[in-house]
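Below is one structure, written out as structure tokens; comments come after it.
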Amino acid sequence: MPTRMLSPVNIFRGLGPSPCVSARGNQSLRALQAARRHYNAPAVSNQRAFMPAASPLAAYLHAVATQGFHEDPAQRQAAEALEACFSALNGQATAINGVYLWGPVGRGKTWLMDAFYQSLQASAQPIPARRQHFHHFMSWVHQRLFQLTGTADPLKALARELSTEVRVLCFDELFVGDIGDAIILGNLFRVMFDCGVVVVATSNQPPEDLYADGFNRERFLPAIAAIEQHMQVVNVDGGQDHRQHPGKRQQRYWLRETDAPSAMPDLFAKLANGQVSSAEPLTIGNRTLSLVQRCDSVLWCRFSDLCMQPLAAPDFIALCDQFSAIILSEVPNLSASQRKAKIARGTEDAPVKVDAGDRQLPALSVHDDSVRRFIALVDECYDRKVPLYIEAAVALTELYTEGYLAFAFRRTLSRLQEMQLQRFGQVGEAQESIEAPAPTAEAVE
């Protein structure tokens, strides 16, 4: 059999070699294999295991009937929308609308989407599908577009390539905060829908609020129009954050008092459990990461090492690939007043104001760049079930109370609070670990 190169699309799907387009330029096979490890995210990340069911609605009704979930009208409406999409896919209809589930944190959106994904896999004729955190997908898109440099209409080429591999994409936590992502997505959603890809997504924002304060937002508006045309938008807000149901405590957040000794050395020793440790810096891609200690399974860094350096979501993906627990110490109070927005001008404008070149910048606080990285780190650890142990200067609820990212940090706070429970990270949450009255569908989001 002739040797075949790894297809970047198959890296995205987590499959083996394929006769698709090979890597171009100086992209080595080693780099592509490393990328495959980064982008082959777990298929399902929710804590509650659900029994295989014939359809998303059947899975939801099964959870209500046998797992102690209270029926929630908003969740029921979402399950019915997913059921309609599932039925259309199994009926092999040509024009199929996807589903966009949005609402506040902890409303069960991801659990519902995972039930949909599992139903696709359990069908008599399984439908090619991929379930992935949105950060992972965008990392793959950027990599693949680089490989397609020189190709006429690379976005269309990427979408066509993807449509030959998958029929359905399930995105968790669709959020747009980067201008590069916004410009790409402005056309990518449209061409994916044109190629017949069905998208099911979760988000904390309705489509019209995505990238709301972003620069050059008009470049993103085609994506919003495509979402509203090709996806059924469903508000999933039952009025309660189900992550907050009480459970057995598991401390993963420490408040360090002034001049008090740190609890992290003893914690690292306990988690390392006799493994050989080192303080040698760690190489991530082309970057060198300073750290306090590391062993084969545990990484201990200062906040300044991870969140005040030029790192991004792909770097945190790589860390969660390598380590099963992460310790973050010396976390400061991240709250700060927002600074007055400035007007950015081209240098050629000198002191003269040119209306066409002026723009309003977001009113960021002094910590908001590092807070963005902290949010991305928590998202990745949460989605991958990697416990994140934190020692900070303030209590968890006081960690970030003021700044430009207050809305995005609501999800981060909810996730960190759930990490303080034993049930976080367990495969299939035990019913007895929930001490509250019967919850509605409790999801990892």
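Ordered as shown in the structure tokens, chains take letters A, B, and onward, while each chain numbers its residues from 1 and ligands are numbered from 1 in the order shown.
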
Q) Could you name the residues that touch segment 376-386 of chain A at 6 Å or less, counting only C-alpha atoms, but leaving out those on the same chain fewer than 4 positions away, as a PyMOL selection string? A) chain A and resi 313+316+324-325+425

Any chance you could export the current selection's C-alpha atoms as a CSV table (one decimal), in the first residue's frame?
```csv
chain,number,residue,atom,x,y,z
A,313,ALA,CA,-5.8,28.9,23.8
A,316,PHE,CA,-3.4,25.7,27.1
A,324,SER,CA,-3.5,15.8,34.4
A,325,ALA,CA,-3.4,18.5,37.1
A,425,GLY,CA,-13.7,15.5,36.7
```

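For the residues A:Leu306, A:Leu185, A:Cys85, A:Ala159, ranking by smallest atom-to-atom distance to Glu218 of chain A using only C-alpha atoms places A:Leu185 first.
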
Q) From the set A:Gly180, A:Pro73, A:Gly98, A:Gly91, which residue has the shortest atom-to-atom contact distance to Gly196 of chain A, counting only C-alpha atoms? A) A:Gly98

Q. DSSP says strand (DSSP E or B) for which residues of segment 236-377 of chain A? Put them as a list in words?
A. Gly247, Arg249, Tyr253, Trp254, Leu255, Ser278, Leu282, Thr283, Ile284, Arg287, Thr288, Leu289, Gln293, Arg294, Val298, Leu299, Trp300, Cys301, Arg302, Ala325, Ile326, Ile327, Leu328, Ser329, Glu330, Val331, Ile343 and Gln360 of chain A

Q.
Please report the interatomic distance between atom CA of Arg144 of chain A and atom CA of Pro310 of chain A in Å with one decimal.
A. 21.7 Å

Q) Near Phe374 of chain A, within 9 Å and counting only C-alpha atoms, which residues show up once chain neighbours fewer than 6 positions away are dropped, as number ranges by chain? A) A: 303, 306-307, 412

Q. Can you list every residue in segment 82-278 of chain A that DSSP puts in helix (DSSP H, G or I), as a ChimeraX atom specification?
A. /A:82-90,109-122,134-147,154-163,179-194,207-209,217-219,221-230,242-244,264-272

Take the residues from that selection and write them out as an mmCIF file, in the first residue's frame, keeping C-alpha atoms.
```cif
data_model
loop_
_atom_site.group_PDB
_atom_site.id
_atom_site.type_symbol
_atom_site.label_atom_id
_atom_site.label_comp_id
_atom_site.auth_asym_id
_atom_site.auth_seq_id
_atom_site.Cartn_x
_atom_site.Cartn_y
_atom_site.Cartn_z
ATOM 1 C CA LEU A 82 -32.442 19.092 18.488
ATOM 2 C CA GLU A 83 -34.914 16.265 17.851
ATOM 3 C CA ALA A 84 -36.160 17.996 14.692
ATOM 4 C CA CYS A 85 -32.593 18.416 13.433
ATOM 5 C CA PHE A 86 -31.774 14.794 14.292
ATOM 6 C CA SER A 87 -34.870 13.525 12.451
ATOM 7 C CA ALA A 88 -34.057 15.601 9.367
ATOM 8 C CA LEU A 89 -30.516 14.229 9.288
ATOM 9 C CA ASN A 90 -31.747 10.652 9.535
ATOM 10 C CA LYS A 109 -26.878 23.560 27.001
ATOM 11 C CA THR A 110 -23.821 21.334 26.708
ATOM 12 C CA TRP A 111 -25.579 18.296 28.181
ATOM 13 C CA LEU A 112 -28.295 18.665 25.545
ATOM 14 C CA MET A 113 -25.798 19.086 22.725
ATOM 15 C CA ASP A 114 -23.861 16.032 23.905
ATOM 16 C CA ALA A 115 -27.087 14.006 23.953
ATOM 17 C CA PHE A 116 -27.625 15.075 20.333
ATOM 18 C CA TYR A 117 -24.066 14.112 19.398
ATOM 19 C CA GLN A 118 -24.310 10.716 21.091
ATOM 20 C CA SER A 119 -27.606 10.035 19.308
ATOM 21 C CA LEU A 120 -25.886 10.665 15.960
ATOM 22 C CA GLN A 121 -23.223 8.124 16.863
ATOM 23 C CA ALA A 122 -25.787 5.567 18.018
ATOM 24 C CA PHE A 134 -14.884 26.218 19.766
ATOM 25 C CA HIS A 135 -11.314 27.162 20.765
ATOM 26 C CA HIS A 136 -10.076 23.860 19.346
ATOM 27 C CA PHE A 137 -11.928 24.338 16.093
ATOM 28 C CA MET A 138 -10.577 27.844 15.551
ATOM 29 C CA SER A 139 -7.036 26.667 16.285
ATOM 30 C CA TRP A 140 -7.412 24.086 13.540
ATOM 31 C CA VAL A 141 -8.918 26.672 11.147
ATOM 32 C CA HIS A 142 -5.970 29.033 11.594
ATOM 33 C CA GLN A 143 -3.507 26.178 11.053
ATOM 34 C CA ARG A 144 -5.277 24.894 7.966
ATOM 35 C CA LEU A 145 -5.595 28.358 6.400
ATOM 36 C CA PHE A 146 -1.847 28.791 6.825
ATOM 37 C CA GLN A 147 -1.305 25.509 5.002
ATOM 38 C CA PRO A 154 -8.854 29.186 0.906
ATOM 39 C CA LEU A 155 -11.997 29.474 3.060
ATOM 40 C CA LYS A 156 -14.075 27.765 0.395
ATOM 41 C CA ALA A 157 -11.397 25.103 -0.055
ATOM 42 C CA LEU A 158 -11.362 24.489 3.706
ATOM 43 C CA ALA A 159 -15.162 24.269 3.892
ATOM 44 C CA ARG A 160 -15.371 21.868 0.944
ATOM 45 C CA GLU A 161 -12.650 19.701 2.434
ATOM 46 C CA LEU A 162 -14.435 19.649 5.769
ATOM 47 C CA SER A 163 -17.807 18.827 4.211
ATOM 48 C CA ILE A 179 -10.627 40.330 15.384
ATOM 49 C CA GLY A 180 -8.796 37.641 13.426
ATOM 50 C CA ASP A 181 -11.436 35.061 14.305
ATOM 51 C CA ALA A 182 -14.210 37.566 13.552
ATOM 52 C CA ILE A 183 -12.912 38.286 10.041
ATOM 53 C CA ILE A 184 -12.504 34.582 9.253
ATOM 54 C CA LEU A 185 -15.903 33.630 10.648
ATOM 55 C CA GLY A 186 -17.556 36.439 8.696
ATOM 56 C CA ASN A 187 -17.357 34.222 5.630
ATOM 57 C CA LEU A 188 -16.572 30.759 7.028
ATOM 58 C CA PHE A 189 -20.051 30.100 8.414
ATOM 59 C CA ARG A 190 -21.604 31.079 5.103
ATOM 60 C CA VAL A 191 -19.394 28.806 3.012
ATOM 61 C CA MET A 192 -19.776 25.905 5.477
ATOM 62 C CA PHE A 193 -23.551 26.163 5.247
ATOM 63 C CA ASP A 194 -23.305 26.410 1.451
ATOM 64 C CA PRO A 207 -26.199 35.584 17.719
ATOM 65 C CA GLU A 208 -26.861 39.320 17.482
ATOM 66 C CA ASP A 209 -24.629 39.943 20.526
ATOM 67 C CA ARG A 217 -17.670 44.352 13.521
ATOM 68 C CA GLU A 218 -19.241 44.842 10.093
ATOM 69 C CA ARG A 219 -16.827 42.165 8.873
ATOM 70 C CA LEU A 221 -22.129 40.579 10.373
ATOM 71 C CA PRO A 222 -22.318 38.029 7.497
ATOM 72 C CA ALA A 223 -21.640 35.295 10.068
ATOM 73 C CA ILE A 224 -24.554 36.475 12.222
ATOM 74 C CA ALA A 225 -26.830 36.577 9.172
ATOM 75 C CA ALA A 226 -25.745 33.047 8.184
ATOM 76 C CA ILE A 227 -26.357 31.711 11.706
ATOM 77 C CA GLU A 228 -29.844 33.226 11.844
ATOM 78 C CA GLN A 229 -30.683 31.875 8.388
ATOM 79 C CA HIS A 230 -29.351 28.337 8.810
ATOM 80 C CA HIS A 242 -27.394 24.022 37.872
ATOM 81 C CA ARG A 243 -23.681 23.908 38.578
ATOM 82 C CA GLN A 244 -24.451 25.465 41.934
ATOM 83 C CA MET A 264 1.138 24.795 47.258
ATOM 84 C CA PRO A 265 4.414 22.957 48.090
ATOM 85 C CA ASP A 266 2.556 20.350 50.137
ATOM 86 C CA LEU A 267 -0.177 20.160 47.494
ATOM 87 C CA PHE A 268 2.346 19.565 44.719
ATOM 88 C CA ALA A 269 4.056 16.833 46.736
ATOM 89 C CA LYS A 270 0.706 15.144 47.362
ATOM 90 C CA LEU A 271 -0.364 15.300 43.715
ATOM 91 C CA ALA A 272 3.060 14.227 42.423
#
```

Q.
Using only C-alpha atoms, which protein or nucleic acid residues come within 10 Å of segment 279-296 of chain A? Drop anything in the same chain fewer than 2 positions from it, and give the result as JSON, numbers by chain.
A. {"A": [31, 34, 265, 268, 269, 271, 272, 273, 274, 275, 276, 277, 298, 299, 300, 301, 302, 303, 304, 305, 306, 309, 310, 311, 314, 315, 316, 318, 319, 322, 323, 324, 326, 327, 328, 329]}

Atoms kept (N, CA and C atoms) for selection, written as a JSON list (two decimals), in the first residue's frame:
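The file below, result_22.json, is the result:
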```
[["chain", "number", "residue", "atom", "x", "y", "z"],
["A", 31, "ALA", "N", 5.06, 18.05, 13.07],
["A", 31, "ALA", "CA", 4.21, 19.15, 13.52],
["A", 31, "ALA", "C", 2.74, 18.79, 13.37],
["A", 34, "ALA", "N", 1.74, 16.42, 16.08],
["A", 34, "ALA", "CA", 1.55, 17.15, 17.33],
["A", 34, "ALA", "C", 0.22, 17.88, 17.32],
["A", 265, "PRO", "N", 3.38, 24.00, 48.06],
["A", 265, "PRO", "CA", 4.41, 22.96, 48.09],
["A", 265, "PRO", "C", 3.89, 21.60, 48.57],
["A", 268, "PHE", "N", 1.60, 20.15, 45.84],
["A", 268, "PHE", "CA", 2.35, 19.56, 44.72],
["A", 268, "PHE", "C", 2.91, 18.20, 45.10],
["A", 269, "ALA", "N", 3.49, 18.11, 46.30],
["A", 269, "ALA", "CA", 4.06, 16.83, 46.74],
["A", 269, "ALA", "C", 2.99, 15.75, 46.80],
["A", 271, "LEU", "N", 0.09, 15.65, 45.05],
["A", 271, "LEU", "CA", -0.36, 15.30, 43.71],
["A", 271, "LEU", "C", 0.70, 14.54, 42.94],
["A", 272, "ALA", "N", 1.97, 14.90, 43.13],
["A", 272, "ALA", "CA", 3.06, 14.23, 42.42],
["A", 272, "ALA", "C", 3.22, 12.79, 42.89],
["A", 273, "ASN", "N", 2.93, 12.56, 44.18],
["A", 273, "ASN", "CA", 2.90, 11.19, 44.71],
["A", 273, "ASN", "C", 4.19, 10.42, 44.42],
["A", 274, "GLY", "N", 5.32, 11.08, 44.68],
["A", 274, "GLY", "CA", 6.60, 10.40, 44.53],
["A", 274, "GLY", "C", 7.22, 10.48, 43.16],
["A", 275, "GLN", "N", 6.56, 11.09, 42.19],
["A", 275, "GLN", "CA", 7.15, 11.22, 40.87],
["A", 275, "GLN", "C", 8.37, 12.14, 40.92],
["A", 276, "VAL", "N", 9.32, 11.89, 40.04],
["A", 276, "VAL", "CA", 10.50, 12.75, 39.93],
["A", 276, "VAL", "C", 10.06, 14.11, 39.43],
["A", 277, "SER", "N", 10.48, 15.18, 40.12],
["A", 277, "SER", "CA", 10.07, 16.52, 39.74],
["A", 277, "SER", "C", 11.27, 17.34, 39.29],
["A", 298, "VAL", "N", 1.86, 16.58, 36.79],
["A", 298, "VAL", "CA", 1.44, 17.81, 37.48],
["A", 298, "VAL", "C", 2.34, 18.97, 37.06],
["A", 299, "LEU", "N", 1.71, 20.11, 36.77],
["A", 299, "LEU", "CA", 2.42, 21.34, 36.44],
["A", 299, "LEU", "C", 2.08, 22.40, 37.48],
["A", 300, "TRP", "N", 3.11, 23.07, 38.01],
["A", 300, "TRP", "CA", 2.92, 24.15, 38.98],
["A", 300, "TRP", "C", 3.56, 25.41, 38.41],
["A", 301, "CYS", "N", 2.73, 26.41, 38.14],
["A", 301, "CYS", "CA", 3.20, 27.69, 37.61],
["A", 301, "CYS", "C", 2.67, 28.84, 38.45],
["A", 302, "ARG", "N", 3.35, 29.96, 38.37],
["A", 302, "ARG", "CA", 2.82, 31.20, 38.91],
["A", 302, "ARG", "C", 1.86, 31.82, 37.90],
["A", 303, "PHE", "N", 0.96, 32.67, 38.40],
["A", 303, "PHE", "CA", 0.04, 33.38, 37.51],
["A", 303, "PHE", "C", 0.79, 34.14, 36.44],
["A", 304, "SER", "N", 1.88, 34.76, 36.81],
["A", 304, "SER", "CA", 2.67, 35.52, 35.84],
["A", 304, "SER", "C", 3.27, 34.63, 34.75],
["A", 305, "ASP", "N", 3.52, 33.36, 35.06],
["A", 305, "ASP", "CA", 4.10, 32.44, 34.08],
["A", 305, "ASP", "C", 3.11, 32.10, 32.98],
["A", 306, "LEU", "N", 1.84, 31.91, 33.35],
["A", 306, "LEU", "CA", 0.85, 31.44, 32.40],
["A", 306, "LEU", "C", -0.02, 32.54, 31.81],
["A", 309, "GLN", "N", 2.13, 36.16, 30.01],
["A", 309, "GLN", "CA", 3.04, 35.89, 28.91],
["A", 309, "GLN", "C", 2.23, 35.76, 27.62],
["A", 310, "PRO", "N", 2.87, 35.84, 26.45],
["A", 310, "PRO", "CA", 2.14, 35.78, 25.17],
["A", 310, "PRO", "C", 1.68, 34.37, 24.83],
["A", 311, "LEU", "N", 0.79, 33.84, 25.66],
["A", 311, "LEU", "CA", 0.22, 32.51, 25.45],
["A", 311, "LEU", "C", -1.24, 32.67, 25.02],
["A", 314, "PRO", "N", -4.32, 27.67, 22.13],
["A", 314, "PRO", "CA", -3.58, 26.47, 21.70],
["A", 314, "PRO", "C", -2.50, 26.04, 22.69],
["A", 315, "ASP", "N", -1.89, 26.99, 23.39],
["A", 315, "ASP", "CA", -0.88, 26.64, 24.38],
["A", 315, "ASP", "C", -1.51, 25.94, 25.58],
["A", 316, "PHE", "N", -2.69, 26.39, 25.99],
["A", 316, "PHE", "CA", -3.37, 25.75, 27.10],
["A", 316, "PHE", "C", -3.90, 24.37, 26.69],
["A", 318, "ALA", "N", -2.26, 22.42, 24.69],
["A", 318, "ALA", "CA", -1.06, 21.58, 24.78],
["A", 318, "ALA", "C", -0.76, 21.20, 26.23],
["A", 319, "LEU", "N", -0.95, 22.14, 27.16],
["A", 319, "LEU", "CA", -0.69, 21.83, 28.57],
["A", 319, "LEU", "C", -1.66, 20.78, 29.08],
["A", 322, "GLN", "N", -0.72, 17.34, 28.14],
["A", 322, "GLN", "CA", 0.45, 16.77, 28.80],
["A", 322, "GLN", "C", 0.24, 16.49, 30.28],
["A", 323, "PHE", "N", -0.54, 17.34, 30.96],
["A", 323, "PHE", "CA", -0.65, 17.23, 32.41],
["A", 323, "PHE", "C", -2.08, 16.91, 32.84],
["A", 324, "SER", "N", -2.19, 16.14, 33.92],
["A", 324, "SER", "CA", -3.52, 15.77, 34.43],
["A", 324, "SER", "C", -3.95, 16.66, 35.58],
["A", 326, "ILE", "N", -3.09, 20.95, 37.14],
["A", 326, "ILE", "CA", -2.32, 22.19, 37.03],
["A", 326, "ILE", "C", -2.52, 23.01, 38.30],
["A", 327, "ILE", "N", -1.41, 23.51, 38.85],
["A", 327, "ILE", "CA", -1.43, 24.38, 40.03],
["A", 327, "ILE", "C", -1.06, 25.79, 39.56],
["A", 328, "LEU", "N", -1.85, 26.76, 40.00],
["A", 328, "LEU", "CA", -1.59, 28.15, 39.65],
["A", 328, "LEU", "C", -1.50, 28.96, 40.95],
["A", 329, "SER", "N", -0.33, 29.47, 41.26],
["A", 329, "SER", "CA", -0.13, 30.21, 42.51],
["A", 329, "SER", "C", 0.11, 31.69, 42.22]]
```

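When atom CA of Gly247 of chain A is paired with atom CA of Gln417 of chain A, their separation reads 11.1 Å.
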
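Taking atom CA of Ser370 of chain A as the reference point, atom CA of Tyr253 of chain A is found at 18.8 Å.
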
Write out as JSON lines the residues of segment 256-342 of chain A that have any atom within 6 Å of an atom of segment 400-403 of chain A, one row each with the nearest atom pair and its distance in Å to one decimal, counting only C-alpha atoms, sorted by chain and then rising number.
```
{"residue": "A:Leu334", "atom": "CA", "partner": "A:Tyr400", "partner_atom": "CA", "distance": 5.1}
{"residue": "A:Ser335", "atom": "CA", "partner": "A:Tyr400", "partner_atom": "CA", "distance": 4.6}
{"residue": "A:Ala336", "atom": "CA", "partner": "A:Glu402", "partner_atom": "CA", "distance": 5.6}
{"residue": "A:Ser337", "atom": "CA", "partner": "A:Gly403", "partner_atom": "CA", "distance": 5.9}
{"residue": "A:Gln338", "atom": "CA", "partner": "A:Gly403", "partner_atom": "CA", "distance": 5.5}
```

(Q) Residues within 9 Å of Arg252 of chain A, please, as a list of chain:residue names. Count only C-alpha atoms; anything in the same chain fewer than 2 positions from it doesn't count. (A) A:Gln250, A:Trp254, A:Pro387, A:Leu388, A:Tyr389, A:Ile390, A:Glu391, A:Leu416, A:Met419, A:Gln420, A:Leu421
